[in-house]
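Novice: Got a file for you: entry37.csv, CSV, C-alpha atoms.
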chain,number,residue,atom,x,y,z
H,810,MET,CA,4.3,-34.9,-17.9
H,811,ASN,CA,4.4,-33.2,-14.5
H,812,PHE,CA,0.8,-32.6,-13.3
H,813,ASN,CA,1.5,-29.1,-12.2
H,814,LEU,CA,3.1,-28.2,-15.5
H,815,PHE,CA,0.2,-29.7,-17.4
H,816,ARG,CA,-2.3,-27.8,-15.2
H,817,SER,CA,-0.4,-24.6,-15.9
H,818,GLN,CA,-0.5,-25.2,-19.6
H,819,ILE,CA,-4.2,-25.8,-19.6
H,820,ARG,CA,-4.8,-22.7,-17.6
H,821,GLY,CA,-2.7,-20.7,-20.1
H,822,ILE,CA,-4.8,-22.0,-23.0
H,823,ILE,CA,-8.1,-21.3,-21.2
H,824,GLY,CA,-6.8,-17.9,-20.1
H,825,ASN,CA,-7.0,-16.7,-23.7
H,826,TYR,CA,-10.8,-16.8,-23.6
H,827,PRO,CA,-12.6,-14.5,-21.0
H,828,ILE,CA,-15.9,-16.2,-21.0
H,829,LEU,CA,-14.4,-19.7,-20.5
H,830,PHE,CA,-11.7,-18.5,-18.1
H,831,TYR,CA,-14.0,-16.5,-15.8
H,832,SER,CA,-16.7,-19.2,-15.9
H,833,LEU,CA,-14.2,-21.9,-14.7
H,834,TYR,CA,-11.7,-20.1,-12.5
H,835,GLY,CA,-14.2,-17.6,-11.2
H,836,LEU,CA,-15.6,-20.4,-9.1
H,837,LYS,CA,-12.7,-19.9,-6.7
H,838,SER,CA,-13.2,-16.9,-4.4
H,839,LEU,CA,-9.6,-15.7,-4.6
H,840,ASN,CA,-9.7,-15.6,-8.4
H,841,ARG,CA,-12.9,-13.6,-8.3
H,842,ARG,CA,-11.3,-11.1,-6.0
H,843,LEU,CA,-8.3,-10.7,-8.4
H,844,SER,CA,-10.5,-10.7,-11.6
H,845,VAL,CA,-11.4,-7.7,-13.7
H,846,GLN,CA,-14.9,-6.5,-12.8
H,847,GLN,CA,-16.9,-3.6,-14.2
H,848,ASP,CA,-16.2,-1.5,-11.0
H,849,THR,CA,-12.4,-2.3,-11.1
H,850,GLN,CA,-10.5,1.0,-11.0
H,851,LEU,CA,-7.1,-0.2,-12.2
H,852,VAL,CA,-5.7,-3.4,-13.7
H,853,ILE,CA,-2.1,-4.4,-13.1
H,854,GLU,CA,-1.0,-7.5,-15.0
H,855,GLY,CA,2.0,-9.0,-16.7
H,856,PHE,CA,3.9,-12.3,-17.2
H,857,PRO,CA,4.8,-13.9,-13.8
H,858,ARG,CA,8.0,-12.6,-12.1
H,859,SER,CA,7.8,-9.2,-13.9
H,860,GLY,CA,7.3,-7.1,-10.8
H,861,ASN,CA,3.6,-7.8,-10.3
H,862,THR,CA,3.7,-8.1,-6.5
H,863,PHE,CA,5.9,-5.0,-6.1
H,864,ALA,CA,3.7,-3.0,-8.4
H,865,VAL,CA,0.5,-3.9,-6.6
H,866,LEU,CA,1.8,-3.5,-3.0
H,867,ALA,CA,3.7,-0.3,-3.8
H,868,PHE,CA,0.6,1.2,-5.5
H,869,GLU,CA,-1.6,0.3,-2.6
H,870,HIS,CA,0.9,1.7,-0.2
H,871,LEU,CA,1.4,5.0,-2.1
H,872,GLN,CA,-2.3,5.9,-2.6
H,873,SER,CA,-4.1,7.8,0.1
H,874,SER,CA,-7.4,6.0,-0.5
H,875,SER,CA,-8.4,2.4,-1.4
H,876,ILE,CA,-8.4,1.6,-5.1
H,877,LYS,CA,-10.1,-1.5,-6.4
H,878,LEU,CA,-7.4,-3.4,-8.3
H,879,ALA,CA,-7.4,-6.5,-10.5
H,880,HIS,CA,-4.1,-8.3,-10.7
H,881,HIS,CA,-1.9,-11.4,-10.5
H,882,LEU,CA,-3.9,-13.8,-12.7
H,883,HIS,CA,-1.3,-13.6,-15.5
H,884,VAL,CA,-3.8,-14.4,-18.2
H,885,ILE,CA,-4.7,-12.7,-21.5
H,886,ALA,CA,-8.4,-12.7,-20.5
H,887,GLN,CA,-7.7,-10.0,-17.9
H,888,VAL,CA,-6.4,-7.7,-20.6
H,889,LYS,CA,-9.2,-8.4,-23.0
H,890,ARG,CA,-11.9,-7.8,-20.3
H,891,ALA,CA,-10.2,-4.6,-19.2
H,892,VAL,CA,-10.3,-3.4,-22.8
H,893,GLN,CA,-14.0,-4.4,-23.0
H,894,TYR,CA,-14.8,-2.4,-19.9
H,895,SER,CA,-12.5,0.5,-20.7
H,896,ILE,CA,-10.6,0.1,-17.4
H,897,PRO,CA,-7.2,1.8,-16.9
H,898,THR,CA,-4.6,-0.9,-17.3
H,899,LEU,CA,-0.9,-1.2,-16.5
H,900,ILE,CA,1.1,-4.0,-18.2
H,901,LEU,CA,4.4,-5.0,-16.8
H,902,ILE,CA,7.2,-6.5,-18.8
H,903,ARG,CA,10.7,-7.6,-17.9
H,904,ASP,CA,13.9,-8.7,-19.8
H,905,PRO,CA,13.1,-12.3,-21.0
H,906,LYS,CA,16.3,-13.9,-19.7
H,907,ASP,CA,15.8,-12.3,-16.2
H,908,VAL,CA,12.1,-13.3,-16.0
H,909,THR,CA,12.7,-16.8,-17.2
H,910,ILE,CA,15.5,-17.5,-14.7
H,911,SER,CA,13.4,-16.0,-11.9
H,912,LEU,CA,10.3,-18.0,-12.8
H,913,ILE,CA,12.1,-21.4,-13.2
H,914,MET,CA,13.6,-20.9,-9.8
H,915,ARG,CA,10.1,-20.6,-8.4
H,916,ASN,CA,8.7,-23.4,-10.6
H,917,PRO,CA,11.4,-26.0,-11.2
H,918,GLU,CA,8.8,-28.4,-12.8
H,919,ALA,CA,8.7,-26.0,-15.8
H,920,THR,CA,11.3,-25.8,-18.5
H,921,LEU,CA,13.2,-22.9,-19.9
H,922,LEU,CA,11.7,-23.6,-23.3
H,923,SER,CA,8.1,-23.7,-22.0
H,924,ILE,CA,8.6,-20.4,-20.1
H,925,LEU,CA,10.1,-18.6,-23.1
H,926,ASN,CA,7.3,-19.8,-25.3
H,927,GLY,CA,4.8,-18.6,-22.8
H,928,TYR,CA,6.4,-15.2,-22.6
H,929,ILE,CA,6.3,-14.9,-26.4
H,930,ASP,CA,2.7,-16.0,-26.6
H,931,TYR,CA,1.6,-13.7,-23.8
H,932,TYR,CA,3.2,-10.5,-25.0
H,933,THR,CA,2.6,-11.2,-28.7
H,934,THR,CA,-1.1,-11.6,-28.1
H,935,ILE,CA,-1.7,-8.6,-25.8
H,936,SER,CA,0.4,-6.4,-28.0
H,937,LEU,CA,-2.7,-6.3,-30.2
H,938,TYR,CA,-4.3,-4.1,-27.4
H,939,LYS,CA,-1.3,-1.8,-26.9
H,940,ASP,CA,-3.5,1.3,-27.5
H,941,HIS,CA,-5.5,0.4,-24.5
H,942,PHE,CA,-2.9,0.1,-21.8
H,943,VAL,CA,0.3,1.7,-20.4
H,944,THR,CA,3.5,-0.4,-20.4
H,945,ALA,CA,6.2,-0.4,-17.7
H,946,ASP,CA,9.5,-2.1,-17.8
H,947,PHE,CA,10.6,-3.8,-14.6
H,948,LYS,CA,13.5,-1.4,-14.1
H,949,GLU,CA,11.3,1.6,-14.6
H,950,LEU,CA,8.8,0.2,-12.2
H,951,ILE,CA,11.4,-0.2,-9.5
H,952,ASN,CA,13.3,3.0,-10.1
H,953,ASP,CA,10.6,5.6,-11.1
H,954,TYR,CA,7.1,4.4,-10.2
H,955,ALA,CA,5.9,8.1,-10.2
H,956,SER,CA,6.5,8.3,-13.9
H,957,VAL,CA,4.6,5.1,-14.5
H,958,ILE,CA,1.6,6.4,-12.5
H,959,ARG,CA,1.8,9.7,-14.3
H,960,ALA,CA,1.6,7.9,-17.7
H,961,ILE,CA,-1.5,6.1,-16.4
H,962,ASN,CA,-3.1,9.4,-15.4
H,963,ILE,CA,-2.3,11.0,-18.7
H,964,LYS,CA,-3.6,8.2,-20.8
H,965,PHE,CA,-6.8,7.5,-18.8
H,966,ASN,CA,-7.5,10.9,-17.3
H,967,THR,CA,-7.2,9.4,-13.8
H,968,LYS,CA,-6.0,11.1,-10.7
H,969,PHE,CA,-3.9,8.5,-8.9
H,970,GLN,CA,-1.1,10.0,-6.7
H,971,GLU,CA,2.1,10.2,-8.7
H,972,ILE,CA,4.6,9.1,-6.0
H,973,SER,CA,7.6,6.8,-6.0
H,974,PRO,CA,8.4,4.9,-2.9
H,975,THR,CA,11.0,6.4,-0.5
H,976,PRO,CA,13.6,4.2,1.0
H,977,ASP,CA,11.4,3.8,4.1
H,978,ASP,CA,8.4,3.0,1.9
H,979,GLN,CA,10.5,0.4,0.1
H,980,ASP,CA,11.5,-1.2,3.4
H,981,ILE,CA,7.8,-1.6,4.2
H,982,ILE,CA,6.9,-2.9,0.7
H,983,PHE,CA,9.7,-5.5,0.6
H,984,ALA,CA,8.9,-6.6,4.1
H,985,LYS,CA,5.4,-7.4,2.9
H,986,ILE,CA,6.8,-9.2,-0.2
H,987,SER,CA,9.1,-11.3,2.1
H,988,GLU,CA,6.2,-12.3,4.3
H,989,LEU,CA,4.2,-13.4,1.3
H,990,SER,CA,7.3,-15.2,-0.1
H,991,LYS,CA,7.7,-17.2,3.2
H,992,ILE,CA,4.2,-18.5,2.8
H,993,TYR,CA,4.8,-19.5,-0.8
H,994,VAL,CA,8.3,-21.1,-0.5
H,995,ASN,CA,7.5,-23.2,2.6
H,996,GLY,CA,11.1,-23.0,3.9
H,997,ASP,CA,12.9,-23.4,0.5
H,998,LYS,CA,15.4,-20.5,0.6
H,999,SER,CA,16.2,-20.9,-3.1
H,1000,LYS,CA,12.7,-19.6,-3.8
H,1001,ALA,CA,12.7,-16.7,-1.3
H,1002,ALA,CA,12.1,-13.1,-2.3
H,1003,TYR,CA,15.1,-12.1,-0.1
H,1004,PRO,CA,18.8,-12.8,-0.9
H,1005,SER,CA,20.3,-16.1,0.1
H,1006,ALA,CA,23.3,-18.3,-0.7
H,1007,GLU,CA,20.9,-21.0,-2.1
H,1008,LYS,CA,19.2,-18.5,-4.3
H,1009,LYS,CA,22.4,-17.0,-5.7
H,1010,ALA,CA,23.8,-20.5,-6.5
H,1011,LEU,CA,20.6,-21.5,-8.3
H,1012,LYS,CA,20.5,-18.3,-10.2
H,1013,GLU,CA,24.0,-18.8,-11.5
H,1014,TYR,CA,23.1,-22.4,-12.5
H,1015,TRP,CA,20.1,-21.3,-14.6
H,1016,ALA,CA,22.0,-18.4,-16.1
H,1017,THR,CA,24.4,-20.9,-17.6
H,1018,LYS,CA,21.6,-23.2,-18.8
H,1019,ILE,CA,19.7,-20.4,-20.5
H,1020,ASP,CA,22.7,-19.5,-22.7
H,1021,ALA,CA,22.8,-23.0,-24.2
H,1022,PRO,CA,23.1,-22.9,-28.0
H,1023,CYS,CA,19.9,-24.9,-28.4
H,1024,LEU,CA,17.9,-22.1,-26.8
H,1025,ALA,CA,19.5,-19.2,-28.8
H,1026,PRO,CA,16.7,-19.0,-31.4
H,1027,ILE,CA,13.8,-18.9,-29.0
H,1028,LEU,CA,15.7,-16.5,-26.7
H,1029,SER,CA,16.4,-14.2,-29.7
H,1030,LYS,CA,12.7,-14.3,-30.5
H,1031,ALA,CA,11.8,-13.4,-27.0
H,1032,TYR,CA,14.1,-10.4,-27.0
H,1033,SER,CA,12.5,-9.3,-30.3
H,1034,VAL,CA,9.1,-9.4,-28.7
H,1035,TYR,CA,10.4,-7.5,-25.7
H,1036,GLN,CA,11.9,-4.7,-27.8
H,1037,GLU,CA,9.0,-4.4,-30.2
H,1038,PHE,CA,6.5,-4.2,-27.3
H,1039,PHE,CA,7.6,-0.6,-26.7
H,1040,VAL,CA,7.2,0.4,-30.3
H,1041,LYS,CA,4.1,2.5,-30.9
Have the structure of the file written as structure tokens, please.

Specialist:
Amino acid sequence: MNFNLFRSQIRGIIGNYPILFYSLYGLKSLNRRLSVQQDTQLVIEGFPRSGNTFAVLAFEHLQSSSIKLAHHLHVIAQVKRAVQYSIPTLILIRDPKDVTISLIMRNPEATLLSILNGYIDYYTTISLYKDHFVTADFKELINDYASVIRAINIKFNTKFQEISPTPDDQDIIFAKISELSKIYVNGDKSKAAYPSAEKKALKEYWATKIDAPCLAPILSKAYSVYQEFFVK
């Protein structure tokens, strides 16, 4: 088994248990900065490639004052601790086919099956806490962030500014995402956040692979989880 894939799977298992996860991964300073703390003002989490980076950067850009966020750890422990501390929480979700293709393009050592199983496990587990967070679909996040922030304010009685990015704001936000992407991809244009011929070709390749008959049952289950996640 690929070592990175194995490490990711172990992290996913440990990430179900807050005490264990924060004890082990909290040793790293970056993880501590991203972790839910008692003074965290808002948690933004979701399965990888669900708009997490856009959500965080756009929120920070749109607010007139600094807000302490917890984000980008992609583990269930973040949600459980947010519920424990009664912290306002935004959970992002995206069409399972889109998120799986996007994620495998970034992490080719993974498999379509492992990603879909991870998606199902993640959202099935945190759905138990749906009364304690606001959910935003990827398209809603991109197209009407103000309504997402409004939902947070209504549910948690917060006073975050209810603003959607203007075209100029989006240019700034996506420029920041591109800069972060360049650090991550290390010159591999197929993994970049911005359009490229390499990325388009790879996306078309994986779009064909994910429609293979052998994946139909697991993909159908993922779509059931996706649709049921919005049911109150």

Novice: So how far away is atom CA of H:Leu851 from atom CA of H:Lys948, in Å?

Specialist: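 Atom-to-atom, atom CA of H:Lys948 and atom CA of H:Leu851 are spaced 20.7 Å apart.
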
Novice: With all atoms listed in the file as the atoms that count, which of H:Asp930, H:Glu918, H:Asp848, H:Asp953 lies nearest to H:Asn825?

Specialist: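 Ranked by minimum distance to H:Asn825, first place goes to H:Asp930.
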
Novice: Given only C-alpha atoms, how would the per-residue table for stretch 840-899 of chain H near stretch 957-974 of chain H read, listing every residue at most 12 Å away with its closest atom pair and distance in Å to one decimal, sorted by chain and number, as a Markdown table?

Specialist:
| residue | atom | partner | partner_atom | distance |
| --- | --- | --- | --- | --- |
| H:Gln850 | CA | H:Thr967 | CA | 9.4 |
| H:Leu851 | CA | H:Ile961 | CA | 9.4 |
| H:Val852 | CA | H:Ile961 | CA | 10.7 |
| H:Ile853 | CA | H:Ile961 | CA | 11.0 |
| H:Phe863 | CA | H:Pro974 | CA | 10.7 |
| H:Ala864 | CA | H:Val957 | CA | 10.2 |
| H:Val865 | CA | H:Ile958 | CA | 11.9 |
| H:Leu866 | CA | H:Pro974 | CA | 10.7 |
| H:Ala867 | CA | H:Pro974 | CA | 7.1 |
| H:Phe868 | CA | H:Ile958 | CA | 8.8 |
| H:Glu869 | CA | H:Gln970 | CA | 10.5 |
| H:His870 | CA | H:Pro974 | CA | 8.6 |
| H:Leu871 | CA | H:Ile972 | CA | 6.5 |
| H:Gln872 | CA | H:Gln970 | CA | 5.9 |
| H:Ser873 | CA | H:Gln970 | CA | 7.8 |
| H:Ser874 | CA | H:Phe969 | CA | 9.4 |
| H:Ser875 | CA | H:Phe969 | CA | 10.7 |
| H:Ile876 | CA | H:Phe969 | CA | 9.1 |
| H:Ser895 | CA | H:Phe965 | CA | 9.2 |
| H:Ile896 | CA | H:Phe965 | CA | 8.4 |
| H:Pro897 | CA | H:Phe965 | CA | 6.0 |
| H:Thr898 | CA | H:Ile961 | CA | 7.7 |
| H:Leu899 | CA | H:Ile961 | CA | 7.3 |

Novice: Counting only C-alpha atoms, which of H:Glu1037, H:Ile823, H:Phe830, H:Glu988 gets nearest to H:Ser936?

Specialist: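 Ranked by minimum distance to H:Ser936, first place goes to H:Glu1037.
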
Novice: Between H:Ile822, H:Trp1015, H:Ser844, H:Arg816, which one has atoms that come closest to H:Thr920, using all atoms listed in the file?

Specialist: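 With all atoms listed in the file as the atom set, the closest residue is H:Trp1015.
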
Novice: Go through H:Ile902, H:Leu912, H:Leu925, H:Ile981 and flag the residue nearest H:Glu949, using only C-alpha atoms for the distances.

Specialist: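 The answer is H:Ile902, which sits nearest to H:Glu949.
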
Novice: To one decimal place, how far is atom CA of H:Val943 from atom CA of H:Leu829 in Å?

Specialist: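 If I compute the distance from atom CA of H:Val943 to atom CA of H:Leu829, I get 26.0 Å.
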
Novice: Tell me, as a PyMOL selection string, which residues lie within 7 Å of stretch 1023-1035 of chain H, counting all atoms listed in the file; anything in the same chain fewer than 4 positions away does not count.

Specialist: chain H and resi 904-905+925+929+933+1019

Novice: Hey, can you check how far atom CA of H:Thr849 sits from atom CA of H:Phe947?

Specialist: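 Here the two named atoms are 23.3 Å from each other.
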
Novice: Pick out the residues sitting within 10 Å of H:Lys1012, and hand them over as an MDAnalysis selection string; count all atoms listed in the file, and ignore anything fewer than 5 positions along from it in its own chain.

Specialist: chainID H and resid 907 910:911 913:914 999 1006:1007 1017:1018

Novice: Which one is closest to H:Leu950: H:Pro827, H:Gly835, H:Pro976, H:Gly860? Count all atoms listed in the file.

Specialist: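 The shortest atom-to-atom distance to H:Leu950 comes from H:Gly860.
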
Novice: Which residue gives the smallest distance to H:Gly824 among H:Ala886, H:Ala955, H:Ile900, H:Ala891, with all atoms listed in the file counted?

Specialist: H:Ala886

Novice: I need every residue sitting at most 9 Å from the point (6.9, -24.4, -19.7) (coordinates as in the file, all atoms listed in the file considered), written as a short mmCIF file (atom, residue, chain, number, x, y, z; two decimals) with C-alpha atoms, keeping the file's coordinate frame.

Specialist:
data_model
loop_
_atom_site.label_atom_id
_atom_site.label_comp_id
_atom_site.auth_asym_id
_atom_site.auth_seq_id
_atom_site.Cartn_x
_atom_site.Cartn_y
_atom_site.Cartn_z
CA LEU H 814 3.10 -28.20 -15.50
CA PHE H 815 0.20 -29.70 -17.40
CA SER H 817 -0.40 -24.60 -15.90
CA GLN H 818 -0.50 -25.20 -19.60
CA ILE H 913 12.10 -21.40 -13.20
CA GLU H 918 8.80 -28.40 -12.80
CA ALA H 919 8.70 -26.00 -15.80
CA THR H 920 11.30 -25.80 -18.50
CA LEU H 921 13.20 -22.90 -19.90
CA LEU H 922 11.70 -23.60 -23.30
CA SER H 923 8.10 -23.70 -22.00
CA ILE H 924 8.60 -20.40 -20.10
CA LEU H 925 10.10 -18.60 -23.10
CA ASN H 926 7.30 -19.80 -25.30
CA GLY H 927 4.80 -18.60 -22.80
#

Novice: Show me as number ranges by chain the residues that reach within 9 Å of (-3.5, -13.7, -10.7), counting all atoms listed in the file and using the file's own coordinates.

Specialist: H: 839-840, 843-844, 854, 857, 879-884

Novice: Where atoms are absent from stretch 820-844 of chain H, fill them in so it carries N, CA and C atoms, then output it as a PDB file, in the coordinates of the input.

Specialist:
ATOM      1  N   ARG H 820      -4.324 -23.990 -18.052  1.00  0.00           N
ATOM      2  CA  ARG H 820      -4.800 -22.700 -17.600  1.00  0.00           C
ATOM      3  C   ARG H 820      -4.395 -21.582 -18.547  1.00  0.00           C
ATOM      4  N   GLY H 821      -3.183 -21.696 -19.108  1.00  0.00           N
ATOM      5  CA  GLY H 821      -2.700 -20.700 -20.100  1.00  0.00           C
ATOM      6  C   GLY H 821      -3.583 -20.683 -21.319  1.00  0.00           C
ATOM      7  N   ILE H 822      -3.994 -21.861 -21.776  1.00  0.00           N
ATOM      8  CA  ILE H 822      -4.800 -22.000 -23.000  1.00  0.00           C
ATOM      9  C   ILE H 822      -6.223 -21.361 -22.677  1.00  0.00           C
ATOM     10  N   ILE H 823      -6.818 -21.786 -21.571  1.00  0.00           N
ATOM     11  CA  ILE H 823      -8.100 -21.300 -21.200  1.00  0.00           C
ATOM     12  C   ILE H 823      -8.105 -19.784 -20.946  1.00  0.00           C
ATOM     13  N   GLY H 824      -6.961 -19.305 -20.434  1.00  0.00           N
ATOM     14  CA  GLY H 824      -6.800 -17.900 -20.100  1.00  0.00           C
ATOM     15  C   GLY H 824      -6.867 -16.954 -21.288  1.00  0.00           C
ATOM     16  N   ASN H 825      -6.896 -17.509 -22.508  1.00  0.00           N
ATOM     17  CA  ASN H 825      -7.000 -16.700 -23.700  1.00  0.00           C
ATOM     18  C   ASN H 825      -8.487 -16.259 -23.948  1.00  0.00           C
ATOM     19  N   TYR H 826      -9.413 -16.936 -23.287  1.00  0.00           N
ATOM     20  CA  TYR H 826     -10.800 -16.800 -23.600  1.00  0.00           C
ATOM     21  C   TYR H 826     -11.583 -16.303 -22.338  1.00  0.00           C
ATOM     22  N   PRO H 827     -11.941 -15.025 -22.268  1.00  0.00           N
ATOM     23  CA  PRO H 827     -12.600 -14.500 -21.000  1.00  0.00           C
ATOM     24  C   PRO H 827     -13.770 -15.249 -20.552  1.00  0.00           C
ATOM     25  N   ILE H 828     -14.716 -15.553 -21.428  1.00  0.00           N
ATOM     26  CA  ILE H 828     -15.900 -16.200 -21.000  1.00  0.00           C
ATOM     27  C   ILE H 828     -15.601 -17.576 -20.357  1.00  0.00           C
ATOM     28  N   LEU H 829     -14.749 -18.337 -21.020  1.00  0.00           N
ATOM     29  CA  LEU H 829     -14.400 -19.700 -20.500  1.00  0.00           C
ATOM     30  C   LEU H 829     -13.552 -19.547 -19.237  1.00  0.00           C
ATOM     31  N   PHE H 830     -12.579 -18.639 -19.234  1.00  0.00           N
ATOM     32  CA  PHE H 830     -11.700 -18.500 -18.100  1.00  0.00           C
ATOM     33  C   PHE H 830     -12.480 -18.085 -16.824  1.00  0.00           C
ATOM     34  N   TYR H 831     -13.279 -17.032 -16.933  1.00  0.00           N
ATOM     35  CA  TYR H 831     -14.000 -16.500 -15.800  1.00  0.00           C
ATOM     36  C   TYR H 831     -15.097 -17.469 -15.306  1.00  0.00           C
ATOM     37  N   SER H 832     -15.631 -18.240 -16.244  1.00  0.00           N
ATOM     38  CA  SER H 832     -16.700 -19.200 -15.900  1.00  0.00           C
ATOM     39  C   SER H 832     -16.065 -20.336 -15.030  1.00  0.00           C
ATOM     40  N   LEU H 833     -14.859 -20.777 -15.395  1.00  0.00           N
ATOM     41  CA  LEU H 833     -14.200 -21.900 -14.700  1.00  0.00           C
ATOM     42  C   LEU H 833     -13.448 -21.440 -13.467  1.00  0.00           C
ATOM     43  N   TYR H 834     -12.553 -20.472 -13.645  1.00  0.00           N
ATOM     44  CA  TYR H 834     -11.700 -20.100 -12.500  1.00  0.00           C
ATOM     45  C   TYR H 834     -12.378 -19.079 -11.602  1.00  0.00           C
ATOM     46  N   GLY H 835     -13.488 -18.488 -12.049  1.00  0.00           N
ATOM     47  CA  GLY H 835     -14.200 -17.600 -11.200  1.00  0.00           C
ATOM     48  C   GLY H 835     -14.974 -18.330 -10.076  1.00  0.00           C
ATOM     49  N   LEU H 836     -14.971 -19.663 -10.137  1.00  0.00           N
ATOM     50  CA  LEU H 836     -15.600 -20.400  -9.100  1.00  0.00           C
ATOM     51  C   LEU H 836     -14.805 -20.354  -7.773  1.00  0.00           C
ATOM     52  N   LYS H 837     -13.531 -20.011  -7.892  1.00  0.00           N
ATOM     53  CA  LYS H 837     -12.700 -19.900  -6.700  1.00  0.00           C
ATOM     54  C   LYS H 837     -12.725 -18.435  -6.222  1.00  0.00           C
ATOM     55  N   SER H 838     -12.980 -18.256  -4.939  1.00  0.00           N
ATOM     56  CA  SER H 838     -13.200 -16.900  -4.400  1.00  0.00           C
ATOM     57  C   SER H 838     -11.977 -16.002  -4.599  1.00  0.00           C
ATOM     58  N   LEU H 839     -10.766 -16.542  -4.440  1.00  0.00           N
ATOM     59  CA  LEU H 839      -9.600 -15.700  -4.600  1.00  0.00           C
ATOM     60  C   LEU H 839      -9.487 -15.207  -6.050  1.00  0.00           C
ATOM     61  N   ASN H 840      -9.752 -16.075  -7.018  1.00  0.00           N
ATOM     62  CA  ASN H 840      -9.700 -15.600  -8.400  1.00  0.00           C
ATOM     63  C   ASN H 840     -10.754 -14.556  -8.684  1.00  0.00           C
ATOM     64  N   ARG H 841     -11.915 -14.660  -8.067  1.00  0.00           N
ATOM     65  CA  ARG H 841     -12.900 -13.600  -8.300  1.00  0.00           C
ATOM     66  C   ARG H 841     -12.464 -12.284  -7.717  1.00  0.00           C
ATOM     67  N   ARG H 842     -11.756 -12.302  -6.592  1.00  0.00           N
ATOM     68  CA  ARG H 842     -11.300 -11.100  -6.000  1.00  0.00           C
ATOM     69  C   ARG H 842     -10.185 -10.413  -6.890  1.00  0.00           C
ATOM     70  N   LEU H 843      -9.437 -11.238  -7.604  1.00  0.00           N
ATOM     71  CA  LEU H 843      -8.300 -10.700  -8.400  1.00  0.00           C
ATOM     72  C   LEU H 843      -8.794 -10.401  -9.860  1.00  0.00           C
ATOM     73  N   SER H 844     -10.001 -10.823 -10.228  1.00  0.00           N
ATOM     74  CA  SER H 844     -10.500 -10.700 -11.600  1.00  0.00           C
ATOM     75  C   SER H 844     -10.955  -9.267 -11.921  1.00  0.00           C
TER      76      SER H 844
END
